[in-house]
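Participant: Please find one structure pasted underneath; my questions will follow.
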Amino acid sequence: MNLFSLTLASITRLHGSWLLALILSGCATSTPTPEVVHTPALPTPTPTAAATEQTSSAPTAPVLTPSAPPISAQPSDRAVELKANALMGLQAQTDIWERIRMGFAMPDLDNDLVRNREVWYASRPDYFLRMTERSRPYIFHIVEELERRKMPTELALLPFIESAFNPQAVSSAKAAGMWQFMPATGKYFDLKQNLFRDERRDVLESTRAALDYLQKLYNMFGDWHLALAAYNWGEGSVGRALARNRAQGKPLTYSDLRMPDETRFYVPKLQAVKNIIAQPEAFKTVLPLIQNHPFFKSVPIDKDIDVEMAAKLANVSLKDFKALNPAMNRPVILAAGTPQILLPWDNATVFENNLQSRAGTRLSSWTAWLAPRTMKAEDVAKEVGMSAEQLRAVNGIPPRMLVKAGSTLLVHRPHQKENNVAEHLADNGHLLLAPEVVLRKVFISARQGDTLALLAARHGVTAANLATWNDLNPNVKLTAGKKLVVLVPSKESKRLSKTAPAAGKGKKPNSTQAKTAAKSATKTAPKSTQRTAQR
């Protein structure tokens with residue numbers, strides 16, 4: 001074989017290898033023809049009469065037709081039924097809404113109340129857009145926690161129903177935060193509520209508590225619709241409703257229970273929001289693009305820091321800082337009680353760098369002060385070097401109220417004080433107030449056989465006080481008609497003067513006797529009688 005023949009054979013073999021590699025590469029990277037998934041359309045909303053009055057042109061849910069023709073299956077192929085809204089293969093979700101759709105796991109509720117709420121939300125696109133936009137900082141974290149706990153992602157939509165995703169929301173019943181915890185329920189789930197912070201509004205802690213509570217309710221009832229009803233109405237109320245149906249032989253489902261209207265609409269509201277999130281185009285609704293990645297980062301702090309200083313070091317506006325850290329009740333963050341703050345992801349590094357550059361400097365202009373005795377706000381202000389107006393404003397002290405002994409107050413931090421506020425104050429600080437009572441003199445007369453003890457009991461005071469007010473010995477013998485002074489609150493003395501006098505021995509009692517007798521009668525009367533007399 002000559003050199004030319006050898007070279008030609010080598011080239012042929014090499015060319016064949018390249019060709020084979022190219023063919024295999026094409027097989028590996030070619031895009032398969034997509035399989036068409038027929039997503040069932042939502043039923044056409046059939047609004048109730050009330051809904052029809054609100055919105056005359058409610059959008060309906062049209063049948064969605066696939067954009068590509070179906071592929072003919074080979075005889076050996078088996079039909080595969082996919083979950084609605086599922087993604088093929090390992091394709092990552094491009095936004096948070098797709099990720100939420102992937103985790104839907106609750107049974108659907110389909111009734112007129114759902115249709116009614118669909119119409120209500122769909123007819124208010126601006127409101128729905130604002131509400132979903134407001135969820136941007138928080139919803140990724142909620143979805144992460146739900147998936148970690150293997151809970152349905154429909155629950156990430158619950159703050160839409162509870163608070164429209166407003167962490168500062170407070171209901172008329174004093175429920176607070178985007179998950180709307182009542183004070184007692186918050187304490188049960190270890191949400192701190194004190195002078196400095198209210199963790200019912202905290203993004204991380206309130207979410208942890210809400211999911212703990214929802215898991216507890218699901219384990220109790222074994223049904224997500226009943227668990228949601230209990231979250232709104234109370235587990236005891238749902239338990240009693242179930243027991244009533246059971247005794248009457250009625251079904252034990254959410255739709256069959258007798259409940260208040262608020263709870264009756266609660267799950268339908270969530271279902272309506274779920275339906276709109278699942279198919280926004282069917283309701284002519286636009287969802288904001290919220291990327292499927294964290295919005296905030298948790299940054300540790302080890303020193304007390306003013307809220308304004310923290311926002312400045314992070315290079316974020318005060319409004320944006322408070323949106324991520326809404327639990328703060330006062331203009332300072334106490335490291336002993338709040339060892340971390342939340343910052344937008346890109347600003348966390350900025351904060352850490354700026355914080356490091358200020359190592360050794362004081363970052364807080366406030367500290368906690370414990371009231372040694374019951375004091376007027378003006379007296380406290382003098383003692384801590386503040387104006388009374390500023391002390392009242394920063395601590396929320398109303399006019400004519402006393403600061404009780406043991407109260408924790410936020411005051412200016414002295415220049416010589418370098419230590420952080422202690423943990424027991426940061427976690428348990430409370431402001432205790434009492435009405436500022438202005439006393440007024442009222443003259444009374446002793447009766448035949450009266451002692452200081454009898455006279456004091458008759459007028460609702462102590463014998464020791466009565467003796468002190470009148471500069472008398474506690475064991476003094478009183479003569480009939482002797483005048484004595486009683487100190488009573490100014491409003492009380494006016495009220496006593498208008499109260500009907502007590503009956504005497506056929507004589508018209510004087511005004512002093514009328515006052516004292518009325519006070520005695522009110523003191524011993526049942527509460528219902530007291531309220532009637534005072535009205």
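Naming scheme: A, B, ... for chains in displayed order of the structure tokens; residues 1 onward per chain; ligands 1 onward as shown.
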Using only C-alpha atoms, which protein or nucleic acid residues come within 8 Å of A:Lys441? Drop anything in the same chain fewer than 2 positions from it, and give the result as a PyMOL selection string.

Facilitator: chain A and resi 439+443+485-488

Participant: Taking 5 positions as the minimum chain separation for residues in the same chain, which residues sit within 9 Å of A:Glu378 when counting only C-alpha atoms? Answer as a list in words.

Facilitator: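 My list of contacting residues is Glu383, Ser387, Ala388, Glu389 and Leu391 of chain A.
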
Participant: Interatomic distance between atom CA of A:Trp224 and atom CA of A:Ile290?

Facilitator: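 Interatomic distance here is 26.8 Å.
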
Participant: With a distance cut-off of 7 Å and only C-alpha atoms, select the neighbouring residues of stretch 156-172 of chain A, excluding the residue or stretch itself and same-chain residues fewer than 2 positions from it, and output the selection as a ChimeraX atom specification.

Facilitator: /A:131,134-135,139,142-143,153-154,174-180,201,269-270,326

Participant: Atom CA of A:Leu343 to atom CA of A:Phe296: how many Å, to one decimal?

Facilitator: 5.2 Å

Participant: Hey, can you check how far atom CA of A:Leu217 sits from atom CA of A:Gly234?

Facilitator: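 Atom CA of A:Gly234 lies 9.6 Å from atom CA of A:Leu217.
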
Participant: Between A:Leu370, A:Ser237, A:Gln390, A:Glu436, which residue has the minimum interatomic distance to A:Leu402, considering only C-alpha atoms?

Facilitator: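 Closest residue, counting only C-alpha atoms: A:Glu436.
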
Participant: At a cut-off of 8 Å, using only C-alpha atoms, what residues contact A:Glu352? Leave out same-chain residues fewer than 3 positions from it and give the result as a PDB file with all heavy atoms, in the first residue's frame.

Facilitator:
```pdb
ATOM      1  N   VAL A 299     -29.542  39.310  57.728  1.00  0.00           N
ATOM      2  CA  VAL A 299     -28.206  39.791  58.114  1.00  0.00           C
ATOM      3  C   VAL A 299     -28.142  39.883  59.638  1.00  0.00           C
ATOM      4  O   VAL A 299     -28.992  40.545  60.252  1.00  0.00           O
ATOM      5  CB  VAL A 299     -27.912  41.170  57.495  1.00  0.00           C
ATOM      6  CG1 VAL A 299     -26.535  41.656  57.906  1.00  0.00           C
ATOM      7  CG2 VAL A 299     -28.034  41.110  55.982  1.00  0.00           C
ATOM      8  N   ALA A 314     -27.656  50.420  54.852  1.00  0.00           N
ATOM      9  CA  ALA A 314     -28.023  49.476  53.785  1.00  0.00           C
ATOM     10  C   ALA A 314     -28.301  50.185  52.464  1.00  0.00           C
ATOM     11  O   ALA A 314     -28.514  49.518  51.443  1.00  0.00           O
ATOM     12  CB  ALA A 314     -29.243  48.676  54.204  1.00  0.00           C
ATOM     13  N   ALA A 348     -27.717  43.747  51.157  1.00  0.00           N
ATOM     14  CA  ALA A 348     -27.183  43.092  52.351  1.00  0.00           C
ATOM     15  C   ALA A 348     -25.675  43.257  52.433  1.00  0.00           C
ATOM     16  O   ALA A 348     -25.116  43.561  53.500  1.00  0.00           O
ATOM     17  CB  ALA A 348     -27.568  41.615  52.347  1.00  0.00           C
ATOM     18  N   THR A 349     -24.984  43.077  51.305  1.00  0.00           N
ATOM     19  CA  THR A 349     -23.524  43.221  51.294  1.00  0.00           C
ATOM     20  C   THR A 349     -23.121  44.666  51.565  1.00  0.00           C
ATOM     21  O   THR A 349     -22.148  44.927  52.279  1.00  0.00           O
ATOM     22  CB  THR A 349     -22.952  42.761  49.936  1.00  0.00           C
ATOM     23  OG1 THR A 349     -23.354  41.409  49.708  1.00  0.00           O
ATOM     24  CG2 THR A 349     -21.440  42.845  49.935  1.00  0.00           C
ATOM     25  N   LEU A 355     -21.313  48.444  57.953  1.00  0.00           N
ATOM     26  CA  LEU A 355     -21.318  48.122  59.375  1.00  0.00           C
ATOM     27  C   LEU A 355     -19.904  47.827  59.867  1.00  0.00           C
ATOM     28  O   LEU A 355     -19.496  48.261  60.954  1.00  0.00           O
ATOM     29  CB  LEU A 355     -22.233  46.919  59.628  1.00  0.00           C
ATOM     30  CG  LEU A 355     -22.561  46.588  61.082  1.00  0.00           C
ATOM     31  CD1 LEU A 355     -23.349  47.721  61.730  1.00  0.00           C
ATOM     32  CD2 LEU A 355     -23.357  45.287  61.159  1.00  0.00           C
ATOM     33  N   GLN A 356     -19.148  47.105  59.054  1.00  0.00           N
ATOM     34  CA  GLN A 356     -17.771  46.767  59.429  1.00  0.00           C
ATOM     35  C   GLN A 356     -16.900  48.024  59.502  1.00  0.00           C
ATOM     36  O   GLN A 356     -16.021  48.133  60.366  1.00  0.00           O
ATOM     37  CB  GLN A 356     -17.181  45.780  58.417  1.00  0.00           C
ATOM     38  CG  GLN A 356     -15.831  45.214  58.822  1.00  0.00           C
ATOM     39  CD  GLN A 356     -15.366  44.135  57.861  1.00  0.00           C
ATOM     40  OE1 GLN A 356     -16.023  43.861  56.860  1.00  0.00           O
ATOM     41  NE2 GLN A 356     -14.240  43.518  58.162  1.00  0.00           N
TER      42      GLN A 356
END
```

Participant: Tell me which protein, DNA and RNA residues are within 8 Å of A:Leu313, counting only C-alpha atoms, leaving out same-chain ones fewer than 6 positions away, and put them as a compact mmCIF listing (two decimals) with N, CA and C atoms, in the first residue's frame.

Facilitator:
```
# COMPACT_ATOMS: atom_id res chain seq x y z
N VAL A 350 -23.89 45.61 51.02
CA VAL A 350 -23.61 47.03 51.28
C VAL A 350 -23.70 47.31 52.77
N PHE A 351 -24.74 46.79 53.42
CA PHE A 351 -24.91 46.99 54.86
C PHE A 351 -23.75 46.38 55.63
N ASN A 354 -20.60 48.51 55.27
CA ASN A 354 -20.71 49.77 56.01
C ASN A 354 -20.69 49.54 57.52
N LEU A 355 -21.31 48.44 57.95
CA LEU A 355 -21.32 48.12 59.38
C LEU A 355 -19.90 47.83 59.87
```

Participant: Pick out the closest residue to A:Ile100 from this set: A:Asn116, A:Thr132, A:Gln248, A:Asn292. Count only C-alpha atoms.

Facilitator: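 For A:Ile100, the nearest of the candidates is A:Asn292.
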
Participant: Find, counting only C-alpha atoms, the residue in A:Ser445, A:Thr451, A:Ser364, A:Thr374 that gets nearest to A:Ala467.

Facilitator: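 That would be A:Thr451, the residue with the smallest distance to A:Ala467.
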
Participant: Calculated over only C-alpha atoms, which of the candidates A:Ala371, A:Glu308, A:Asp126, A:Ala241 has the smallest distance to A:Thr253?

Facilitator: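 Using only C-alpha atoms, the shortest distance to A:Thr253 belongs to A:Ala241.
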
Participant: With a distance cut-off of 7 Å and only C-alpha atoms, select the neighbouring residues of A:Ala278, excluding the residue or stretch itself and same-chain residues fewer than 3 positions from it, and output the selection as a short mmCIF file (atom, residue, chain, number, x, y, z; two decimals) with N, CA, C and O atoms, in the first residue's frame.

Facilitator:
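So part.cif came out as:
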```cif
data_model
loop_
_atom_site.label_atom_id
_atom_site.label_comp_id
_atom_site.auth_asym_id
_atom_site.auth_seq_id
_atom_site.Cartn_x
_atom_site.Cartn_y
_atom_site.Cartn_z
N ARG A 101 -48.12 27.29 40.99
CA ARG A 101 -49.05 26.39 40.27
C ARG A 101 -48.59 24.94 40.34
O ARG A 101 -49.40 24.02 40.46
N LYS A 274 -56.90 31.36 43.74
CA LYS A 274 -56.17 30.23 43.14
C LYS A 274 -56.52 30.09 41.67
O LYS A 274 -55.63 29.90 40.82
N ASN A 275 -57.79 30.16 41.34
CA ASN A 275 -58.22 30.00 39.96
C ASN A 275 -57.65 31.11 39.07
O ASN A 275 -57.26 30.86 37.92
#
```

Participant: Rank A:Trp469, A:Trp97, A:Phe295, A:Phe181 by their smallest atom-to-atom distance to A:Tyr138, using only C-alpha atoms, and report the top residue only.

Facilitator: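 Once distances to A:Tyr138 are computed over only C-alpha atoms, the minimum belongs to A:Phe295.
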
Participant: Of the residues A:Lys482, A:Arg413, A:Arg440, A:Arg264, which is the one nearest to A:Val114, using only C-alpha atoms?

Facilitator: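 Checking each candidate against A:Val114, we get A:Arg264 as the closest.
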
Participant: Among the residues of stretch 103-248 of chain A, find those DSSP assigns to alpha helix (DSSP H) from the backbone and print them as JSON, numbers by chain.

Facilitator: {"A": [112, 113, 114, 115, 116, 117, 118, 119, 120, 121, 122, 125, 126, 127, 128, 129, 130, 131, 132, 133, 134, 139, 140, 141, 142, 143, 144, 145, 146, 147, 148, 149, 158, 159, 160, 161, 162, 183, 184, 185, 186, 187, 188, 203, 204, 205, 206, 207, 208, 209, 210, 211, 212, 213, 214, 215, 216, 217, 218, 219, 220, 221, 224, 225, 226, 227, 228, 229, 230, 231, 232, 233, 235, 236, 237, 238, 239, 240, 241, 242, 243, 244, 245, 246, 247]}

Participant: Taking the DSSP secondary structure from the backbone, can you list the residues of stretch 238-347 of chain A that are strand (DSSP E or B), as a ChimeraX atom specification?

Facilitator: /A:291,296-300,305-306,328,332-333,340-344
